[in-house]
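**Q** Got protein06.cif for you, mmCIF, C-alpha atoms, pLDDT in the B column; chains and numbers go by the auth columns:
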data_target
loop_
_atom_site.group_PDB
_atom_site.id
_atom_site.type_symbol
_atom_site.label_atom_id
_atom_site.label_comp_id
_atom_site.label_asym_id
_atom_site.label_seq_id
_atom_site.Cartn_x
_atom_site.Cartn_y
_atom_site.Cartn_z
_atom_site.B_iso_or_equiv
_atom_site.auth_seq_id
_atom_site.auth_asym_id
ATOM 1 C CA MET A 1 120.002 107.832 97.560 50.00 1 A
ATOM 2 C CA ARG A 2 119.121 111.461 97.047 50.00 2 A
ATOM 3 C CA ASP A 3 120.732 114.536 98.507 52.00 3 A
ATOM 4 C CA ILE A 4 117.998 116.169 100.631 55.00 4 A
ATOM 5 C CA GLY A 5 120.258 118.498 102.587 54.00 5 A
ATOM 6 C CA GLY A 6 120.392 121.227 99.963 56.00 6 A
ATOM 7 C CA GLY A 7 123.931 120.481 98.840 57.00 7 A
ATOM 8 C CA CYS A 8 125.499 120.279 102.303 60.00 8 A
ATOM 9 C CA GLY A 9 126.540 116.674 101.899 58.00 9 A
ATOM 10 C CA TYR A 10 123.849 115.164 104.108 57.00 10 A
ATOM 11 C CA ARG A 11 122.425 112.136 102.385 60.00 11 A
ATOM 12 C CA ARG A 12 119.534 109.966 103.400 60.00 12 A
ATOM 13 C CA ALA A 13 117.606 107.311 101.632 62.00 13 A
ATOM 14 C CA VAL A 14 114.182 108.637 100.565 60.00 14 A
ATOM 15 C CA ALA A 15 111.600 106.465 98.917 63.00 15 A
ATOM 16 C CA THR A 16 110.197 108.048 95.764 63.00 16 A
ATOM 17 C CA PRO A 17 106.403 107.735 95.593 56.00 17 A
ATOM 18 C CA PRO A 18 104.952 106.078 92.534 52.00 18 A
ATOM 19 C CA LYS A 19 103.857 108.360 89.689 59.00 19 A
ATOM 20 C CA ASN A 20 100.227 107.236 89.851 57.00 20 A
ATOM 21 C CA PRO A 21 98.671 108.388 93.166 54.00 21 A
ATOM 22 C CA ARG A 22 96.054 105.627 92.891 56.00 22 A
ATOM 23 C CA PRO A 23 97.837 102.400 92.086 56.00 23 A
ATOM 24 C CA ASP A 24 96.038 99.984 89.836 65.00 24 A
ATOM 25 C CA ASP A 25 96.489 97.126 92.291 68.00 25 A
ATOM 26 C CA GLY A 26 93.602 98.380 94.465 66.00 26 A
ATOM 27 C CA ARG A 27 95.770 99.446 97.398 68.00 27 A
ATOM 28 C CA PRO A 28 95.187 102.991 98.753 66.00 28 A
ATOM 29 C CA PRO A 29 98.075 105.413 98.334 65.00 29 A
ATOM 30 C CA SER A 30 100.596 105.809 101.151 65.00 30 A
ATOM 31 C CA TRP A 31 99.147 109.145 102.246 64.00 31 A
ATOM 32 C CA ALA A 32 95.587 107.769 102.547 67.00 32 A
ATOM 33 C CA GLY A 33 95.881 107.262 106.277 65.00 33 A
ATOM 34 C CA ALA A 34 97.150 110.784 107.014 66.00 34 A
ATOM 35 C CA PRO A 35 95.257 112.907 109.548 65.00 35 A
ATOM 36 C CA GLY A 36 92.421 114.803 107.902 64.00 36 A
ATOM 37 C CA PHE A 37 92.279 112.548 104.867 63.00 37 A
ATOM 38 C CA THR A 38 88.846 111.423 103.810 63.00 38 A
ATOM 39 C CA PRO A 39 88.534 109.068 100.906 63.00 39 A
ATOM 40 C CA GLY A 40 86.865 110.668 97.922 61.00 40 A
ATOM 41 C CA VAL A 41 84.429 109.231 95.456 59.00 41 A
ATOM 42 C CA ASP A 42 85.768 108.708 91.976 60.00 42 A
ATOM 43 C CA GLY A 43 84.510 111.264 89.521 59.00 43 A
ATOM 44 C CA LEU A 44 84.200 114.247 91.878 55.00 44 A
ATOM 45 C CA PRO A 45 86.005 117.415 90.845 57.00 45 A
ATOM 46 C CA PRO A 46 88.936 118.464 93.042 59.00 46 A
ATOM 47 C CA HIS A 47 87.048 121.492 94.385 62.00 47 A
ATOM 48 C CA ALA A 48 84.133 119.536 95.810 60.00 48 A
ATOM 49 C CA PRO A 49 82.820 120.843 99.147 62.00 49 A
ATOM 50 C CA MET A 50 84.262 119.550 102.386 70.00 50 A
ATOM 51 C CA PRO A 51 82.357 116.795 104.149 74.00 51 A
ATOM 52 C CA GLY A 52 79.486 118.257 106.140 71.00 52 A
ATOM 53 C CA ALA A 53 79.434 121.472 104.127 71.00 53 A
ATOM 54 C CA PRO A 54 76.255 122.382 102.296 70.00 54 A
ATOM 55 C CA PRO A 55 76.328 121.699 98.574 68.00 55 A
ATOM 56 C CA TYR A 56 77.207 124.496 96.230 67.00 56 A
ATOM 57 C CA PRO A 57 74.153 126.174 94.710 72.00 57 A
ATOM 58 C CA ALA A 58 73.758 125.858 90.998 75.00 58 A
ATOM 59 C CA ALA A 59 75.193 128.876 89.248 79.00 59 A
ATOM 60 C CA PRO A 60 72.461 130.758 87.380 83.00 60 A
ATOM 61 C CA GLU A 61 73.111 131.250 83.705 86.00 61 A
ATOM 62 C CA HIS A 62 72.624 134.865 82.752 86.00 62 A
ATOM 63 C CA ALA A 63 71.285 135.786 79.374 86.00 63 A
ATOM 64 C CA PRO A 64 73.705 137.661 77.158 81.00 64 A
ATOM 65 C CA PRO A 65 73.219 141.429 77.134 73.00 65 A
ATOM 66 C CA PRO A 66 71.033 142.756 74.348 73.00 66 A
ATOM 67 C CA VAL A 67 72.973 143.799 71.292 78.00 67 A
ATOM 68 C CA GLY A 68 72.348 147.181 69.759 71.00 68 A
ATOM 69 C CA ARG A 69 70.108 148.540 72.519 65.00 69 A
ATOM 70 C CA ARG A 70 71.222 151.360 74.748 71.00 70 A
ATOM 71 C CA ALA A 71 70.592 151.296 78.458 68.00 71 A
ATOM 72 C CA ARG A 72 67.460 153.119 79.515 83.00 72 A
ATOM 73 C CA ARG A 73 68.131 156.601 80.808 89.00 73 A
ATOM 74 C CA THR A 74 66.083 159.491 82.064 89.00 74 A
ATOM 75 C CA ARG A 75 65.258 161.837 79.215 92.00 75 A
ATOM 76 C CA PHE A 76 65.063 165.602 79.558 94.00 76 A
ATOM 77 C CA VAL A 77 61.389 165.555 78.602 94.00 77 A
ATOM 78 C CA THR A 78 60.639 163.276 81.563 94.00 78 A
ATOM 79 C CA ALA A 79 62.540 165.586 83.928 95.00 79 A
ATOM 80 C CA LEU A 80 60.671 168.556 82.442 96.00 80 A
ATOM 81 C CA GLY A 81 57.349 166.795 83.059 96.00 81 A
ATOM 82 C CA ALA A 82 58.274 166.129 86.697 96.00 82 A
ATOM 83 C CA THR A 83 59.195 169.782 87.180 97.00 83 A
ATOM 84 C CA ALA A 84 56.105 170.994 85.308 96.00 84 A
ATOM 85 C CA PHE A 85 54.050 169.091 87.877 97.00 85 A
ATOM 86 C CA TRP A 86 55.268 171.561 90.519 96.00 86 A
ATOM 87 C CA ALA A 87 54.552 174.519 88.214 95.00 87 A
ATOM 88 C CA VAL A 88 50.948 173.313 87.896 95.00 88 A
ATOM 89 C CA VAL A 89 50.768 172.893 91.682 95.00 89 A
ATOM 90 C CA ASN A 90 52.000 176.489 92.032 93.00 90 A
ATOM 91 C CA VAL A 91 49.300 177.788 89.648 91.00 91 A
ATOM 92 C CA VAL A 92 46.589 175.813 91.467 92.00 92 A
ATOM 93 C CA LEU A 93 47.719 177.081 94.883 92.00 93 A
ATOM 94 C CA VAL A 94 47.834 180.714 93.749 90.00 94 A
ATOM 95 C CA VAL A 95 44.421 180.471 92.106 89.00 95 A
ATOM 96 C CA ALA A 96 42.940 178.733 95.174 91.00 96 A
ATOM 97 C CA VAL A 97 44.401 181.158 97.719 92.00 97 A
ATOM 98 C CA VAL A 98 44.533 184.496 95.896 87.00 98 A
ATOM 99 C CA GLY A 99 42.056 183.949 93.115 86.00 99 A
ATOM 100 C CA VAL A 100 42.257 184.262 89.372 82.00 100 A
ATOM 101 C CA PRO A 101 44.349 187.259 88.262 80.00 101 A
ATOM 102 C CA PRO A 102 42.254 190.010 86.670 83.00 102 A
ATOM 103 C CA GLY A 103 42.350 189.619 82.918 85.00 103 A
ATOM 104 C CA PRO A 104 44.029 187.119 80.647 86.00 104 A
ATOM 105 C CA ALA A 105 47.164 189.259 80.265 89.00 105 A
ATOM 106 C CA ALA A 106 47.879 189.137 84.014 85.00 106 A
ATOM 107 C CA PHE A 107 47.285 185.386 84.100 84.00 107 A
ATOM 108 C CA GLY A 108 49.571 184.929 81.081 86.00 108 A
ATOM 109 C CA GLN A 109 52.279 187.004 82.758 86.00 109 A
ATOM 110 C CA PHE A 110 51.962 184.903 85.931 85.00 110 A
ATOM 111 C CA VAL A 111 52.294 181.648 83.970 86.00 111 A
ATOM 112 C CA GLY A 112 55.150 183.114 81.913 87.00 112 A
ATOM 113 C CA VAL A 113 57.111 183.870 85.069 89.00 113 A
ATOM 114 C CA LEU A 114 57.043 180.127 85.852 92.00 114 A
ATOM 115 C CA ILE A 115 58.803 179.109 82.619 93.00 115 A
ATOM 116 C CA LEU A 116 62.387 179.970 83.579 93.00 116 A
ATOM 117 C CA PRO A 117 62.349 178.317 87.050 94.00 117 A
ATOM 118 C CA THR A 118 60.687 175.249 85.515 96.00 118 A
ATOM 119 C CA LEU A 119 63.310 174.905 82.770 95.00 119 A
ATOM 120 C CA LEU A 120 66.252 175.465 85.140 96.00 120 A
ATOM 121 C CA ALA A 121 64.901 173.008 87.709 96.00 121 A
ATOM 122 C CA ALA A 122 64.280 170.432 84.955 96.00 122 A
ATOM 123 C CA LEU A 123 67.864 170.892 83.785 96.00 123 A
ATOM 124 C CA ALA A 124 69.164 170.283 87.320 96.00 124 A
ATOM 125 C CA VAL A 125 66.965 167.196 87.757 96.00 125 A
ATOM 126 C CA TRP A 126 68.027 165.830 84.382 95.00 126 A
ATOM 127 C CA ALA A 127 71.716 166.408 85.199 95.00 127 A
ATOM 128 C CA ILE A 128 71.328 164.258 88.313 94.00 128 A
ATOM 129 C CA ALA A 129 69.095 161.526 86.880 93.00 129 A
ATOM 130 C CA ARG A 130 70.358 161.216 83.298 91.00 130 A
ATOM 131 C CA ARG A 131 72.602 158.168 83.811 89.00 131 A
ATOM 132 C CA ARG A 132 69.809 155.668 84.464 89.00 132 A
ATOM 133 C CA ALA A 133 66.030 155.430 84.282 90.00 133 A
ATOM 134 C CA TRP A 134 64.406 156.832 87.424 92.00 134 A
ATOM 135 C CA PRO A 135 60.745 156.275 88.254 94.00 135 A
ATOM 136 C CA PHE A 136 58.610 159.339 87.589 94.00 136 A
ATOM 137 C CA TRP A 137 57.508 159.737 91.214 95.00 137 A
ATOM 138 C CA LEU A 138 61.158 159.886 92.286 95.00 138 A
ATOM 139 C CA LEU A 139 61.834 162.562 89.686 96.00 139 A
ATOM 140 C CA VAL A 140 58.888 164.545 91.040 96.00 140 A
ATOM 141 C CA LEU A 141 60.349 164.347 94.556 96.00 141 A
ATOM 142 C CA LEU A 142 63.774 165.352 93.281 96.00 142 A
ATOM 143 C CA ALA A 143 62.334 168.293 91.329 96.00 143 A
ATOM 144 C CA ALA A 144 60.448 169.795 94.291 96.00 144 A
ATOM 145 C CA PRO A 145 63.342 171.497 96.118 96.00 145 A
ATOM 146 C CA PHE A 146 64.909 172.735 92.890 96.00 146 A
ATOM 147 C CA PHE A 147 61.663 174.228 91.613 96.00 147 A
ATOM 148 C CA TRP A 148 60.584 175.889 94.864 95.00 148 A
ATOM 149 C CA VAL A 149 64.035 177.343 95.630 96.00 149 A
ATOM 150 C CA LEU A 150 64.361 178.735 92.115 95.00 150 A
ATOM 151 C CA ARG A 151 60.808 180.071 92.300 93.00 151 A
ATOM 152 C CA ALA A 152 61.642 181.874 95.562 94.00 152 A
ATOM 153 C CA VAL A 153 64.881 183.271 94.098 93.00 153 A
ATOM 154 C CA PHE A 154 63.103 184.621 91.015 90.00 154 A
ATOM 155 C CA ASN A 155 60.360 186.135 93.214 88.00 155 A
ATOM 156 C CA ALA A 156 63.009 187.869 95.331 89.00 156 A
ATOM 157 C CA LEU A 157 64.685 189.469 92.310 84.00 157 A
ATOM 158 C CA PRO A 158 63.500 193.003 91.616 80.00 158 A
ATOM 159 C CA ALA A 159 61.217 193.308 88.595 69.00 159 A
ATOM 160 C CA SER A 160 62.737 195.394 85.830 61.00 160 A
#
Taking this structure as input, can you express it in the form of structure tokens?

**A**
Amino acid sequence: MRDIGGGCGYRRAVATPPKNPRPDDGRPPSWAGAPGFTPGVDGLPPHAPMPGAPPYPAAPEHAPPPVGRRARRTRFVTALGATAFWAVVNVVLVVAVVGVPPGPAAFGQFVGVLILPTLLAALAVWAIARRRAWPFWLLVLLAAPFFWVLRAVFNALPAS
């Protein structure tokens, strides 16, 4: 007899189950007829899917990460190229609408005015995109508002 009352003196005879849940004599264990019990097939792991559930998909084996290589990131030169695209578009639009400035000095001054907005816009684009590799077309789209806003700000400043 075991004390199952938690020390309160209540005693009742309780049968202790055998240590081996699957007796060697071929009989099913005592709990085999319990509600919800379904007999398992020997050799299945204990976390096998429930009956009627779809089978677990095979877990893909991932290759180990490359050793010694850094993750690809957007370089400043790539951001500068995306911003320079808009500087070239600006030159083409001005030449198409207004015409070529008179003399090489005036044309050089016009192109020189584009350098600072191009560098600042490229710096802003690079600061946003530097953590991972962005496609070039996406960098070009990102550079457009920065370049054109900076170009308008520098045009609005009085010439000294």

**Q** Within 10 Å of A:Arg75, counting all atoms listed in the file, which residues show up once you throw out same-chain ones fewer than 2 positions away? Write them as a PyMOL selection string, please.

**A** chain A and resi 72-73+77-80+126-127+129-134

**Q** Can you translate the PyMOL selection byres ((chain A and resi 85) around 12) into the concrete residues it hits in this file, as a list in words?

**A**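 With the shown file as input, the PyMOL selection byres ((chain A and resi 85) around 12) matches Thr78, Ala79, Leu80, Gly81, Ala82, Thr83, Ala84, Trp86, Ala87, Val88, Val89, Asn90, Val91, Val92, Leu114, Thr118, Ala121, Ala122, Phe136, Trp137, Leu139, Val140, Leu141, Leu142, Ala143, Ala144, Phe147 and Trp148 of chain A.
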
**Q** How many Å separate atom CA of A:Thr74 from atom CA of A:Leu138?

**A**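 Distance between the two atoms: 11.4 Å.
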
**Q** Would you compute the distance between atom CA of A:Pro117 and atom CA of A:Phe76? Give it in Å to one decimal.

**A**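 Computing it gives 15.0 Å between the two atoms.
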
**Q** To one decimal in Å, tell me the separation between atom CA of A:Val97 and atom CA of A:Gly112.

**A**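 It comes out at 19.2 Å.
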
**Q** Measuring atom to atom with all atoms listed in the file, identify which of A:Val125, A:Leu150, A:Gly68, A:Met50 is nearest to A:Val113.

**A**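 Under the stated criterion, the closest residue is A:Leu150.
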